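Below: final_13.tsv (TSV, C-alpha atoms)
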```tsv
chain	number	residue	atom	x	y	z
A	1007	MET	CA	6.65	212.44	160.33
A	1008	ALA	CA	5.18	215.29	158.30
A	1009	ASN	CA	4.16	215.47	154.68
A	1010	ARG	CA	5.19	218.22	152.28
A	1011	PRO	CA	4.32	218.96	148.67
A	1012	LEU	CA	6.58	217.85	145.83
A	1013	GLN	CA	6.32	219.30	142.35
A	1014	LEU	CA	8.78	218.55	139.56
A	1015	THR	CA	9.13	217.79	135.90
A	1016	LEU	CA	9.74	214.09	135.41
A	1017	ASN	CA	10.79	212.85	131.98
A	1018	GLY	CA	9.33	216.00	130.45
A	1019	GLN	CA	5.96	215.73	132.22
A	1020	PRO	CA	4.81	217.92	135.10
A	1021	VAL	CA	4.18	216.04	138.34
A	1022	GLY	CA	2.38	217.38	141.37
A	1023	PRO	CA	2.14	219.01	143.64
A	1024	VAL	CA	1.73	215.79	145.61
A	1025	GLU	CA	2.04	215.31	149.34
A	1026	ILE	CA	4.89	213.00	150.33
A	1027	PRO	CA	6.62	212.16	153.60
A	1028	ASP	CA	9.57	214.39	154.49
A	1029	ASP	CA	11.93	211.43	154.71
A	1030	LEU	CA	10.97	209.64	151.48
A	1031	ALA	CA	14.01	208.78	149.36
A	1032	MET	CA	13.75	209.64	145.68
A	1033	ILE	CA	14.34	206.02	144.65
A	1034	ASP	CA	11.27	205.06	146.69
A	1035	TYR	CA	9.23	207.91	145.23
A	1036	LEU	CA	10.14	206.82	141.70
A	1037	HIS	CA	9.38	203.15	142.36
A	1038	GLU	CA	6.34	203.40	144.60
A	1039	HIS	CA	4.61	206.60	143.48
A	1040	GLN	CA	5.56	206.90	139.81
A	1041	ASN	CA	6.00	203.21	138.89
A	1042	LEU	CA	9.38	204.07	137.36
A	1043	THR	CA	11.52	201.12	138.38
A	1044	GLY	CA	14.40	201.52	135.93
A	1045	SER	CA	16.61	203.28	138.46
A	1046	ARG	CA	18.01	200.49	140.59
A	1047	LEU	CA	18.47	200.30	144.33
A	1048	GLY	CA	21.86	198.65	144.57
A	1049	CYS	CA	23.92	199.46	147.62
A	1050	GLY	CA	21.54	201.90	149.29
A	1051	GLN	CA	24.54	203.98	150.35
A	1052	GLY	CA	25.26	206.05	147.23
A	1053	ILE	CA	28.34	204.04	146.31
A	1054	CYS	CA	27.31	201.95	143.29
A	1055	HIS	CA	25.44	204.66	141.34
A	1056	ALA	CA	22.88	202.23	139.90
A	1057	CYS	CA	20.18	204.59	141.17
A	1058	VAL	CA	21.25	207.82	139.49
A	1059	VAL	CA	18.90	210.10	137.62
A	1060	ILE	CA	19.75	213.14	135.55
A	1061	VAL	CA	18.84	216.60	136.81
A	1062	ASP	CA	18.67	219.20	134.06
A	1063	ASN	CA	19.77	222.55	135.43
A	1064	PRO	CA	18.33	225.91	134.29
A	1065	ASP	CA	21.69	226.87	132.73
A	1066	GLY	CA	21.47	223.94	130.28
A	1067	THR	CA	23.91	221.69	132.10
A	1068	SER	CA	22.96	218.33	133.54
A	1069	GLU	CA	24.22	216.25	136.42
A	1070	GLU	CA	23.74	212.83	137.94
A	1071	VAL	CA	22.11	212.62	141.35
A	1072	ARG	CA	22.03	209.45	143.46
A	1073	THR	CA	18.42	208.75	144.44
A	1074	CYS	CA	19.05	206.18	147.17
A	1075	ILE	CA	20.64	208.77	149.46
A	1076	THR	CA	18.76	211.85	148.28
A	1077	GLY	CA	15.34	212.72	149.59
A	1078	ALA	CA	12.56	213.20	147.07
A	1079	LEU	CA	11.95	216.73	148.33
A	1080	TYR	CA	15.42	217.73	147.12
A	1081	PHE	CA	14.00	217.43	143.60
A	1082	ASP	CA	11.16	219.89	144.23
A	1083	GLY	CA	11.02	222.30	141.30
A	1084	LYS	CA	13.67	220.42	139.33
A	1085	ARG	CA	13.68	218.79	135.89
A	1086	VAL	CA	14.51	215.11	136.30
A	1087	ARG	CA	15.17	212.38	133.74
A	1088	THR	CA	15.13	208.70	134.60
A	1089	ILE	CA	16.25	205.85	132.37
A	1090	GLU	CA	12.63	205.58	131.18
A	1091	GLY	CA	12.86	209.11	129.75
A	1092	HIS	CA	15.57	208.44	127.16
A	1093	ALA	CA	13.92	206.31	124.47
A	1094	LYS	CA	11.40	208.08	122.28
A	1095	ALA	CA	8.42	206.72	120.38
A	1096	ASP	CA	7.68	207.92	116.87
A	1097	ASP	CA	4.18	208.56	115.49
A	1098	ALA	CA	3.78	204.85	114.69
A	1099	GLY	CA	4.68	203.90	118.25
A	1100	ASN	CA	8.09	202.49	117.36
A	1101	LEU	CA	10.58	203.01	120.14
A	1102	ALA	CA	13.99	204.52	119.34
A	1103	LEU	CA	16.71	204.26	121.93
A	1104	ASN	CA	18.99	207.22	122.55
A	1105	PRO	CA	22.48	206.87	121.00
A	1106	ILE	CA	24.04	205.63	124.26
A	1107	GLN	CA	21.35	203.03	124.85
A	1108	GLN	CA	21.61	201.80	121.27
A	1109	LYS	CA	25.40	201.56	121.36
A	1110	PHE	CA	25.30	199.72	124.69
A	1111	VAL	CA	22.99	197.18	123.05
A	1112	ASP	CA	25.01	197.00	119.83
A	1113	LEU	CA	28.27	196.38	121.70
A	1114	PHE	CA	26.75	194.09	124.35
A	1115	ALA	CA	28.01	196.49	127.01
A	1116	PHE	CA	26.01	194.98	129.86
A	1117	GLN	CA	25.32	191.49	131.09
A	1118	CYS	CA	22.80	191.36	133.92
A	1119	SER	CA	21.89	195.03	133.23
A	1120	TYR	CA	21.32	195.93	136.88
A	1121	CYS	CA	23.84	198.75	136.67
A	1122	ALA	CA	23.00	199.73	133.08
A	1123	PRO	CA	20.57	202.58	133.91
A	1124	GLY	CA	23.25	204.36	135.91
A	1125	PHE	CA	25.83	203.89	133.18
A	1126	VAL	CA	23.36	205.11	130.52
A	1127	ASN	CA	22.63	208.23	132.55
A	1128	ALA	CA	26.33	208.92	133.19
A	1129	ALA	CA	27.27	208.48	129.54
A	1130	THR	CA	24.27	210.58	128.44
A	1131	VAL	CA	25.42	213.47	130.65
A	1132	LEU	CA	28.91	213.18	129.14
A	1133	VAL	CA	27.59	213.12	125.55
A	1134	GLU	CA	25.32	216.10	126.20
A	1135	THR	CA	28.25	217.98	127.74
A	1136	ALA	CA	30.34	217.21	124.66
A	1137	GLN	CA	27.50	218.42	122.43
A	1138	ARG	CA	27.82	221.83	124.08
A	1139	GLN	CA	31.63	221.76	124.05
A	1140	PRO	CA	33.36	219.03	121.99
A	1141	LEU	CA	36.08	217.10	123.75
A	1142	LYS	CA	39.71	217.24	122.76
A	1143	HIS	CA	41.00	213.88	121.57
A	1144	SER	CA	43.65	214.00	124.30
A	1145	GLU	CA	41.04	214.29	127.07
A	1146	VAL	CA	38.48	211.68	125.93
A	1147	GLU	CA	39.78	208.80	128.05
A	1148	ASP	CA	40.01	210.93	131.19
A	1149	ARG	CA	36.51	212.31	130.66
A	1150	ILE	CA	35.04	208.85	130.14
A	1151	GLU	CA	36.78	207.63	133.29
A	1152	ALA	CA	35.56	210.67	135.24
A	1153	SER	CA	32.00	210.08	134.05
A	1154	LEU	CA	31.74	206.30	134.31
A	1155	GLY	CA	34.49	205.39	136.75
A	1156	HIS	CA	32.43	205.82	139.90
A	1157	HIS	CA	29.73	203.40	138.68
A	1158	ILE	CA	30.04	199.83	139.90
A	1159	CYS	CA	29.38	196.80	137.72
A	1160	ARG	CA	29.89	193.26	138.98
A	1161	CYS	CA	29.61	191.55	135.58
A	1162	THR	CA	31.34	193.23	132.67
A	1163	GLY	CA	34.73	194.62	133.60
A	1164	TYR	CA	33.61	198.03	132.25
A	1165	VAL	CA	35.48	197.78	128.94
A	1166	ARG	CA	32.37	197.61	126.77
A	1167	TYR	CA	30.68	200.49	128.60
A	1168	TYR	CA	33.74	202.63	127.97
A	1169	ASP	CA	34.06	201.46	124.35
A	1170	ALA	CA	30.40	202.19	123.64
A	1171	THR	CA	30.65	205.67	125.14
A	1172	ARG	CA	33.82	206.40	123.17
A	1173	LYS	CA	32.13	205.17	119.97
A	1174	VAL	CA	29.08	207.42	120.48
A	1175	LEU	CA	31.33	210.43	121.07
A	1176	ASP	CA	33.18	209.60	117.82
A	1177	ASP	CA	30.04	208.77	115.82
A	1178	LEU	CA	28.41	212.07	116.79
A	1179	GLY	CA	31.55	214.05	115.93
A	1180	LEU	CA	32.04	215.24	119.49
A	1181	VAL	CA	35.80	214.72	119.58
A	1182	LYS	CA	38.15	217.25	118.03
A	1183	GLU	CA	41.89	217.24	117.49
A	1184	GLY	CA	44.08	218.29	120.33
```

Turn the structure described in the file into structure tokens.
Amino acid sequence: MANRPLQLTLNGQPVGPVEIPDDLAMIDYLHEHQNLTGSRLGCGQGICHACVVIVDNPDGTSEEVRTCITGALYFDGKRVRTIEGHAKADDAGNLALNPIQQKFVDLFAFQCSYCAPGFVNAATVLVETAQRQPLKHSEVEDRIEASLGHHICRCTGYVRYYDATRKVLDDLGLVKEG
């Protein structure tokens, strides 16, 4: 097994280059090398999506990437956000959750919270997409389903995750008539 250098931007901070094994999964890199344990290893097969991170593309779009089935070296040169990268501290050190995180808390969207990081990342990508191009009212439900529907939760029945996402889209004025 050989080592290769990895360099990326992680939650806005440059990382590397660091030497890592060729076959190291990104979930393991995050947990073991960066002490970022918010992304969850659920199924280990890319099915549950509890492990997803956000990759910010150069064109301004973002996408979810499953870290349990994706090697860390895939992320070389990329801008990556984990669940730990969403909340921001003000000058006094007070932590402010992003709108999705806050609405998930306000509406008690999660129970055990194991899947919550994946749902937060999925909903964040949807909200950011809608910030670039507002959603038509007639397409909101389909877009929420397309964004969150592949995430697996064993506790909640999904309704509160969907409601919270819908509420954030409405609260931020990201839904237009049509």

Nearby residues (only C-alpha atoms) at most 8 Å from Phe1116 (chain A), same-chain spacing under 5 positions excluded, as a short mmCIF file (atom, residue, chain, number, x, y, z; two decimals) with C-alpha atoms, keeping the file's coordinate frame:
```cif
data_model
loop_
_atom_site.label_atom_id
_atom_site.label_comp_id
_atom_site.auth_asym_id
_atom_site.auth_seq_id
_atom_site.Cartn_x
_atom_site.Cartn_y
_atom_site.Cartn_z
CA PHE A 1110 25.30 199.72 124.69
CA VAL A 1111 22.99 197.18 123.05
CA ALA A 1122 23.00 199.73 133.08
CA CYS A 1161 29.61 191.55 135.58
CA THR A 1162 31.34 193.23 132.67
CA ARG A 1166 32.37 197.61 126.77
CA TYR A 1167 30.68 200.49 128.60
#
```

Original post:
Separation of CA of Gly1077 (chain A) and CA of Asn1017 (chain A), in Å?
Top reply: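 These two atoms are separated by 18.2 Å.
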
Original post:
So what do you get for CA of Lys1084 (chain A) versus CA of Asp1062 (chain A), distance-wise?
Top reply: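 Value for the CA of Lys1084 (chain A)-CA of Asp1062 (chain A) distance: 7.4 Å.
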
Original post:
Closest to Ile1075 (chain A) among A:Ala1031, A:Ile1060, A:Leu1036, A:Leu1103, using only C-alpha atoms?
Top reply: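 Smallest separation from Ile1075 (chain A) among the options: A:Ala1031.
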
**OP:** Extract, using all atoms listed in the file, all DNA, RNA and protein residues at most 12 Å from Gln1019 (chain A), discarding same-chain residues fewer than 6 positions from it, and format them as a PyMOL selection string.
**Re:** chain A and resi 1013+1040+1084-1088+1091

Write out as CSV the residues of region 1023-1101 of chain A that have any atom within 9 Å of an atom of region 1155-1159 of chain A, one row each with the nearest atom pair and its distance in Å to one decimal, counting all atoms listed in the file, sorted by chain and then rising number.
```
residue,atom,partner,partner_atom,distance
A:Ile1053,CA,A:His1157,CA,7.8
A:Cys1054,CA,A:Ile1158,CA,4.8
A:His1055,CA,A:His1157,CA,5.2
A:Ala1056,CA,A:His1157,CA,7.1
```

Subject >> Nearest to His1039 (chain A), chosen from A:Lys1094, A:Phe1125, A:Gly1018, A:Ala1078, with only C-alpha atoms counted in the distances >> reply: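 Nearest to His1039 (chain A): A:Ala1078.
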
**OP:** Name the residues in contact with Arg1010 (chain A) at a cut-off of 12 Å, using all atoms listed in the file, excluding same-chain residues fewer than 6 positions from it; report them as a list of chain:residue names.
**Re:** A:Gly1022, A:Pro1023, A:Val1024, A:Glu1025, A:Ile1026, A:Pro1027, A:Asp1028, A:Asp1029, A:Leu1030, A:Gly1077, A:Ala1078, A:Leu1079, A:Tyr1080, A:Asp1082

Based on the selection just made, write C-alpha atoms of those residues as a PDB file, keeping the file's coordinate frame.
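Below you can see out00.pdb, which holds the result:
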```pdb
ATOM      1  CA  GLY A1022       2.380 217.380 141.370  1.00  0.00           C
ATOM      2  CA  PRO A1023       2.140 219.010 143.640  1.00  0.00           C
ATOM      3  CA  VAL A1024       1.730 215.790 145.610  1.00  0.00           C
ATOM      4  CA  GLU A1025       2.040 215.310 149.340  1.00  0.00           C
ATOM      5  CA  ILE A1026       4.890 213.000 150.330  1.00  0.00           C
ATOM      6  CA  PRO A1027       6.620 212.160 153.600  1.00  0.00           C
ATOM      7  CA  ASP A1028       9.570 214.390 154.490  1.00  0.00           C
ATOM      8  CA  ASP A1029      11.930 211.430 154.710  1.00  0.00           C
ATOM      9  CA  LEU A1030      10.970 209.640 151.480  1.00  0.00           C
ATOM     10  CA  GLY A1077      15.340 212.720 149.590  1.00  0.00           C
ATOM     11  CA  ALA A1078      12.560 213.200 147.070  1.00  0.00           C
ATOM     12  CA  LEU A1079      11.950 216.730 148.330  1.00  0.00           C
ATOM     13  CA  TYR A1080      15.420 217.730 147.120  1.00  0.00           C
ATOM     14  CA  ASP A1082      11.160 219.890 144.230  1.00  0.00           C
TER      15      ASP A1082
END
```

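CA of Cys1057 (chain A) is found 11.0 Å from CA of His1037 (chain A).
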